[in-house]
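Chemist: There's a structure below that I have some questions on.
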Amino acid sequence: MNTLPLNTAPASELRIEGLRASVAGNVILNGIDLVVRSGEVHAVMGPNGSGKSTLSHVIAGRPGYEVLGGTVTLDGVDLLSLPAWERSRAGLFLAMQYPTEVPGVSLEEVLYESLTAAGRPRDEVRERMVAEAGRIGFDERFLSRPLNVDLSGGEKKRNETLQLGVLQPKIAILDELDSGLDVDALRDVSRRIEQATGETGLGVLAITHYSRLLHELRPDFVHVLVKGRLVAEGGPELAVELEQTGYAQYIADDAANTVASAGSGLGRLDDPFADHLA
Ligand code: ADP
Ligand code: MG
């Protein structure tokens, strides 16, 4: 929530301007403008296929996407010109919708290497992991296991949240953090993330098509993404409204204002909160 950091870390700012991007030759992001500052929680909501994961991947530098225009900076650093690991070193964290399984590499090794790469203190990684595990109810047995291998959806999300707690990024992008989480786990990870906004001034971009996350991780700002454009912005009340009305009005507006392209995928938008694969 919108509280000032308790420590003296300077405020950070993720600034997205005019971002356009394509994947496999299809333009998915059509000009995104969004600023996330320290301590703020922004929710980006939108129907399946609107480009939410594409937005998170393009910002974080996942290969396979082509940036067609626009800029993304973190405290003035041009993220788009950096490889993914340097974006991470600059203070960006991405919790992926589908966290990657990495056989043979443990969480502890990942965190140790991440802190090393960031030139940050790496002593007591184990102690910090254990402390973070306790805060989010993550079983310590998982700490030594290969990263994400054979973890349930909910355990993977706790795992991502644990990494966030140890790494203390400036800005975190959380892609469908609620997918696979039961109510208790959702509350645990949401509380931890909300605490980070106060304790270390974390700025959050929480991406979701499903408003239940926002009952736990309360946003300061809500943005609606439809077909690669932010079509509405508001406060927390917008999430409540969307819960009742769905995205239909925004899709109708969009259809009226743009020439519908063949295969636009509108047929998939009947049930905007359906929790199916996107
Ligand atoms: P969301 O996360 O909002 O559900 P995505 O960003 O995952 O949406 O996808 C947006 C659109 O881009 C969808 O139409 C999807 O099919 C398409 N898309 C995403 N990734 C790829 C890819 N690797 N190759 C081809 N099309 C893709
Ligand atoms: Mg997605």
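Chain lettering (A, B, ...) mirrors the order of the structure tokens, residue numbering begins at 1 for each chain separately, and ligand numbering begins at 1 in order of display.
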Can you tell me which residues sit at most 6 Å away from ligand 1, counting only C-alpha atoms and all ligand atoms, written as a list in words?

Modeler: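 With only C-alpha atoms and all ligand atoms and a cut-off of 6 Å, ligand 1 is contacted by Val23, Ala24, Ile28, Asn48, Gly49, Ser50, Gly51, Lys52, Ser53, Thr54 and Ala278 of chain A.
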
Chemist: Could you turn the residues from that selection into a file that holds C-alpha atoms, as an mmCIF file, in the first residue's frame?

Modeler:
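Contents of the output file out-v3.cif:
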```
data_model
loop_
_atom_site.group_PDB
_atom_site.id
_atom_site.type_symbol
_atom_site.label_atom_id
_atom_site.label_comp_id
_atom_site.auth_asym_id
_atom_site.auth_seq_id
_atom_site.Cartn_x
_atom_site.Cartn_y
_atom_site.Cartn_z
ATOM 1 C CA VAL A 23 5.568 -12.155 -30.530
ATOM 2 C CA ALA A 24 5.789 -14.566 -33.434
ATOM 3 C CA ILE A 28 0.465 -7.865 -28.831
ATOM 4 C CA ASN A 48 -7.190 -13.852 -21.189
ATOM 5 C CA GLY A 49 -5.051 -13.132 -24.209
ATOM 6 C CA SER A 50 -5.016 -9.352 -23.675
ATOM 7 C CA GLY A 51 -1.211 -9.300 -23.388
ATOM 8 C CA LYS A 52 -0.647 -9.356 -19.620
ATOM 9 C CA SER A 53 2.039 -12.025 -19.608
ATOM 10 C CA THR A 54 3.580 -10.507 -22.727
ATOM 11 C CA ALA A 278 -3.917 -18.085 -21.227
#
```

Chemist: Apply DSSP to the structure's backbone, then extract all residues of segment 171-200 of chain A labelled strand (DSSP E) and return them as a PyMOL selection string.

Modeler: chain A and resi 171-175

Chemist: Using only C-alpha atoms, what table do you get, as a tab-separated table, when you list each residue of segment 181-259 of chain A with an atom no more than 12 Å from segment 125-147 of chain A, its nearest pair of atoms, and their distance in Å rounded to one decimal, rows by chain then rising number?

Modeler:
```
residue	atom	partner	partner_atom	distance
A:Asp184	CA	A:Gly137	CA	9.5
A:Ala185	CA	A:Ile136	CA	7.6
A:Leu186	CA	A:Ile136	CA	9.6
A:Arg187	CA	A:Ile136	CA	8.9
A:Asp188	CA	A:Ile136	CA	5.1
A:Val189	CA	A:Ile136	CA	5.9
A:Ser190	CA	A:Ile136	CA	9.1
A:Arg191	CA	A:Ile136	CA	8.4
A:Arg192	CA	A:Ile136	CA	6.8
A:Ile193	CA	A:Ile136	CA	9.9
A:Gln195	CA	A:Arg135	CA	10.6
A:Ala196	CA	A:Glu132	CA	11.6
```

Chemist: Just checking: using only C-alpha atoms and all ligand atoms, which residue out of A:Glu101, A:Asp175, A:Glu40, A:Glu124 ends up closest to ligand 2?

Modeler: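 That would be A:Asp175, the residue with the smallest distance to ligand 2.
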
Chemist: With distances taken over only C-alpha atoms, which residue among A:Asp33, A:Asp75, A:Asp150, A:Asp178 lies nearest Ala232 of chain A?

Modeler: A:Asp33

Chemist: Just want the residues within 12 Å of ligand 2, written as a ChimeraX atom specification, counting only C-alpha atoms and all ligand atoms.

Modeler: /A:44-57,95-98,174-179,206-210,225,275-278

Chemist: Would you output that residue set with C-alpha atoms, as a PDB file, in the first residue's frame?

Modeler:
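Result saved to out_21.pdb:
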```pdb
ATOM      1  CA  VAL A  44      -3.089  -4.710 -14.358  1.00  0.00           C
ATOM      2  CA  MET A  45      -6.286  -6.606 -15.059  1.00  0.00           C
ATOM      3  CA  GLY A  46      -7.499  -7.911 -18.352  1.00  0.00           C
ATOM      4  CA  PRO A  47      -9.140 -10.838 -20.068  1.00  0.00           C
ATOM      5  CA  ASN A  48      -7.190 -13.852 -21.189  1.00  0.00           C
ATOM      6  CA  GLY A  49      -5.051 -13.132 -24.209  1.00  0.00           C
ATOM      7  CA  SER A  50      -5.016  -9.352 -23.675  1.00  0.00           C
ATOM      8  CA  GLY A  51      -1.211  -9.300 -23.388  1.00  0.00           C
ATOM      9  CA  LYS A  52      -0.647  -9.356 -19.620  1.00  0.00           C
ATOM     10  CA  SER A  53       2.039 -12.025 -19.608  1.00  0.00           C
ATOM     11  CA  THR A  54       3.580 -10.507 -22.727  1.00  0.00           C
ATOM     12  CA  LEU A  55       3.899  -7.211 -20.832  1.00  0.00           C
ATOM     13  CA  SER A  56       5.641  -8.905 -17.912  1.00  0.00           C
ATOM     14  CA  HIS A  57       7.960 -10.878 -20.185  1.00  0.00           C
ATOM     15  CA  ALA A  95       7.339 -13.840 -10.521  1.00  0.00           C
ATOM     16  CA  MET A  96       6.264 -15.787 -13.578  1.00  0.00           C
ATOM     17  CA  GLN A  97       2.784 -17.129 -14.207  1.00  0.00           C
ATOM     18  CA  TYR A  98       4.356 -20.525 -14.793  1.00  0.00           C
ATOM     19  CA  LEU A 174       3.776 -10.610 -10.257  1.00  0.00           C
ATOM     20  CA  ASP A 175       2.124 -12.485 -13.122  1.00  0.00           C
ATOM     21  CA  GLU A 176      -1.038 -14.259 -11.959  1.00  0.00           C
ATOM     22  CA  LEU A 177       0.383 -14.780  -8.500  1.00  0.00           C
ATOM     23  CA  ASP A 178      -2.973 -16.188  -7.452  1.00  0.00           C
ATOM     24  CA  SER A 179      -3.051 -19.045  -9.948  1.00  0.00           C
ATOM     25  CA  ALA A 206       0.418  -7.251 -10.015  1.00  0.00           C
ATOM     26  CA  ILE A 207      -0.996  -8.796 -13.162  1.00  0.00           C
ATOM     27  CA  THR A 208      -4.206 -10.758 -12.908  1.00  0.00           C
ATOM     28  CA  HIS A 209      -7.395 -11.569 -14.770  1.00  0.00           C
ATOM     29  CA  TYR A 210      -8.996 -12.690 -11.592  1.00  0.00           C
ATOM     30  CA  LEU A 225      -5.612  -4.050 -20.364  1.00  0.00           C
ATOM     31  CA  ASP A 275      -9.450 -19.506 -14.831  1.00  0.00           C
ATOM     32  CA  HIS A 276      -8.368 -21.323 -17.931  1.00  0.00           C
ATOM     33  CA  LEU A 277      -4.995 -21.305 -19.594  1.00  0.00           C
ATOM     34  CA  ALA A 278      -3.917 -18.085 -21.227  1.00  0.00           C
TER      35      ALA A 278
END
```

Chemist: As number ranges by chain, please: every residue in segment 20-255 of chain A that a backbone DSSP assignment puts in helix (DSSP H, G or I).

Modeler: A: 52-60, 79-81, 84-89, 107-117, 125-136, 140-144, 153-167, 183-199, 213-216, 236-245, 248-255

Chemist: Between A:Leu74, A:Pro99, A:Val224, A:Val110, single out the one closest to Glu155 of chain A, counting only C-alpha atoms.

Modeler: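 Distance minimum relative to Glu155 of chain A lands on A:Pro99.
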
Chemist: Just checking: using only C-alpha atoms, which residue out of A:Phe93, A:Tyr250, A:Phe221, A:Tyr112 ends up closest to Lys170 of chain A?

Modeler: A:Phe93

Chemist: What is the distance, in Å and to one decimal place, between atom CA of Gly153 of chain A and atom CA of Leu205 of chain A?

Modeler: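 Spanning atom CA of Gly153 of chain A to atom CA of Leu205 of chain A is a straight-line distance of 20.3 Å.
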
Chemist: Measuring between only C-alpha atoms, which one of A:His42, A:His223, A:His215, A:Lys156 shows the shortest distance to Val102 of chain A?

Modeler: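 The closest residue to Val102 of chain A is A:Lys156.
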
Chemist: Report the distance between atom CA of Ser12 of chain A and atom CA of Ile32 of chain A in Å, rounded to one decimal place.

Modeler: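 About the pair atom CA of Ser12 of chain A and atom CA of Ile32 of chain A: they are 19.3 Å apart.
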
Chemist: Counting only C-alpha atoms, what is within 12 Å of Glu66 of chain A, bar same-chain residues fewer than 3 positions away, as a VMD selection string?

Modeler: chain A and resid 19 to 29 54 to 55 57 to 59 61 to 63 69 to 70 80

Chemist: Using only N, CA and C atoms, please write the residues we just selected to a file, as a PDB file, in the first residue's frame.

Modeler:
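Dumped to again-v6.pdb:
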```pdb
ATOM      1  N   LEU A  19       5.091   1.544 -24.953  1.00  0.00           N
ATOM      2  CA  LEU A  19       5.672   0.226 -25.242  1.00  0.00           C
ATOM      3  C   LEU A  19       4.820  -0.560 -26.246  1.00  0.00           C
ATOM      4  N   ARG A  20       5.465  -0.942 -27.324  1.00  0.00           N
ATOM      5  CA  ARG A  20       4.815  -1.784 -28.334  1.00  0.00           C
ATOM      6  C   ARG A  20       5.696  -2.997 -28.556  1.00  0.00           C
ATOM      7  N   ALA A  21       5.073  -4.170 -28.636  1.00  0.00           N
ATOM      8  CA  ALA A  21       5.869  -5.390 -28.794  1.00  0.00           C
ATOM      9  C   ALA A  21       5.072  -6.452 -29.525  1.00  0.00           C
ATOM     10  N   SER A  22       5.809  -7.336 -30.175  1.00  0.00           N
ATOM     11  CA  SER A  22       5.170  -8.436 -30.897  1.00  0.00           C
ATOM     12  C   SER A  22       5.800  -9.755 -30.484  1.00  0.00           C
ATOM     13  N   VAL A  23       5.036 -10.807 -30.708  1.00  0.00           N
ATOM     14  CA  VAL A  23       5.568 -12.155 -30.530  1.00  0.00           C
ATOM     15  C   VAL A  23       5.129 -12.972 -31.729  1.00  0.00           C
ATOM     16  N   ALA A  24       6.050 -13.727 -32.264  1.00  0.00           N
ATOM     17  CA  ALA A  24       5.789 -14.566 -33.434  1.00  0.00           C
ATOM     18  C   ALA A  24       5.110 -13.768 -34.555  1.00  0.00           C
ATOM     19  N   GLY A  25       5.536 -12.528 -34.720  1.00  0.00           N
ATOM     20  CA  GLY A  25       5.018 -11.710 -35.820  1.00  0.00           C
ATOM     21  C   GLY A  25       3.694 -11.032 -35.550  1.00  0.00           C
ATOM     22  N   ASN A  26       3.091 -11.278 -34.383  1.00  0.00           N
ATOM     23  CA  ASN A  26       1.817 -10.639 -34.049  1.00  0.00           C
ATOM     24  C   ASN A  26       2.043  -9.518 -33.044  1.00  0.00           C
ATOM     25  N   VAL A  27       1.508  -8.341 -33.349  1.00  0.00           N
ATOM     26  CA  VAL A  27       1.626  -7.220 -32.406  1.00  0.00           C
ATOM     27  C   VAL A  27       0.694  -7.492 -31.232  1.00  0.00           C
ATOM     28  N   ILE A  28       1.257  -7.549 -30.032  1.00  0.00           N
ATOM     29  CA  ILE A  28       0.465  -7.865 -28.831  1.00  0.00           C
ATOM     30  C   ILE A  28       0.320  -6.643 -27.932  1.00  0.00           C
ATOM     31  N   LEU A  29       1.375  -5.864 -27.776  1.00  0.00           N
ATOM     32  CA  LEU A  29       1.301  -4.644 -26.959  1.00  0.00           C
ATOM     33  C   LEU A  29       1.264  -3.435 -27.889  1.00  0.00           C
ATOM     34  N   THR A  54       2.643 -11.108 -21.771  1.00  0.00           N
ATOM     35  CA  THR A  54       3.580 -10.507 -22.727  1.00  0.00           C
ATOM     36  C   THR A  54       4.202  -9.253 -22.120  1.00  0.00           C
ATOM     37  N   LEU A  55       3.382  -8.427 -21.469  1.00  0.00           N
ATOM     38  CA  LEU A  55       3.899  -7.211 -20.832  1.00  0.00           C
ATOM     39  C   LEU A  55       4.968  -7.561 -19.798  1.00  0.00           C
ATOM     40  N   HIS A  57       6.773 -10.268 -19.571  1.00  0.00           N
ATOM     41  CA  HIS A  57       7.960 -10.878 -20.185  1.00  0.00           C
ATOM     42  C   HIS A  57       8.819  -9.857 -20.915  1.00  0.00           C
ATOM     43  N   VAL A  58       8.173  -8.913 -21.580  1.00  0.00           N
ATOM     44  CA  VAL A  58       8.938  -7.899 -22.308  1.00  0.00           C
ATOM     45  C   VAL A  58       9.711  -7.018 -21.318  1.00  0.00           C
ATOM     46  N   ILE A  59       9.073  -6.661 -20.205  1.00  0.00           N
ATOM     47  CA  ILE A  59       9.776  -5.824 -19.219  1.00  0.00           C
ATOM     48  C   ILE A  59      10.955  -6.592 -18.615  1.00  0.00           C
ATOM     49  N   GLY A  61      12.569  -9.117 -19.953  1.00  0.00           N
ATOM     50  CA  GLY A  61      13.602  -9.511 -20.915  1.00  0.00           C
ATOM     51  C   GLY A  61      13.595 -10.967 -21.299  1.00  0.00           C
ATOM     52  N   ARG A  62      12.440 -11.595 -21.216  1.00  0.00           N
ATOM     53  CA  ARG A  62      12.357 -12.981 -21.651  1.00  0.00           C
ATOM     54  C   ARG A  62      12.545 -13.034 -23.167  1.00  0.00           C
ATOM     55  N   PRO A  63      13.379 -13.956 -23.666  1.00  0.00           N
ATOM     56  CA  PRO A  63      13.612 -14.029 -25.115  1.00  0.00           C
ATOM     57  C   PRO A  63      12.341 -14.393 -25.882  1.00  0.00           C
ATOM     58  N   GLY A  69       8.658  -0.517 -30.208  1.00  0.00           N
ATOM     59  CA  GLY A  69       8.782   0.899 -29.893  1.00  0.00           C
ATOM     60  C   GLY A  69       8.567   1.143 -28.419  1.00  0.00           C
ATOM     61  N   GLY A  70       8.946   2.350 -27.986  1.00  0.00           N
ATOM     62  CA  GLY A  70       8.723   2.718 -26.596  1.00  0.00           C
ATOM     63  C   GLY A  70       9.934   2.438 -25.727  1.00  0.00           C
ATOM     64  N   LEU A  80      15.407  -2.105 -21.530  1.00  0.00           N
ATOM     65  CA  LEU A  80      15.221  -2.866 -22.774  1.00  0.00           C
ATOM     66  C   LEU A  80      16.554  -3.173 -23.463  1.00  0.00           C
TER      67      LEU A  80
END
```
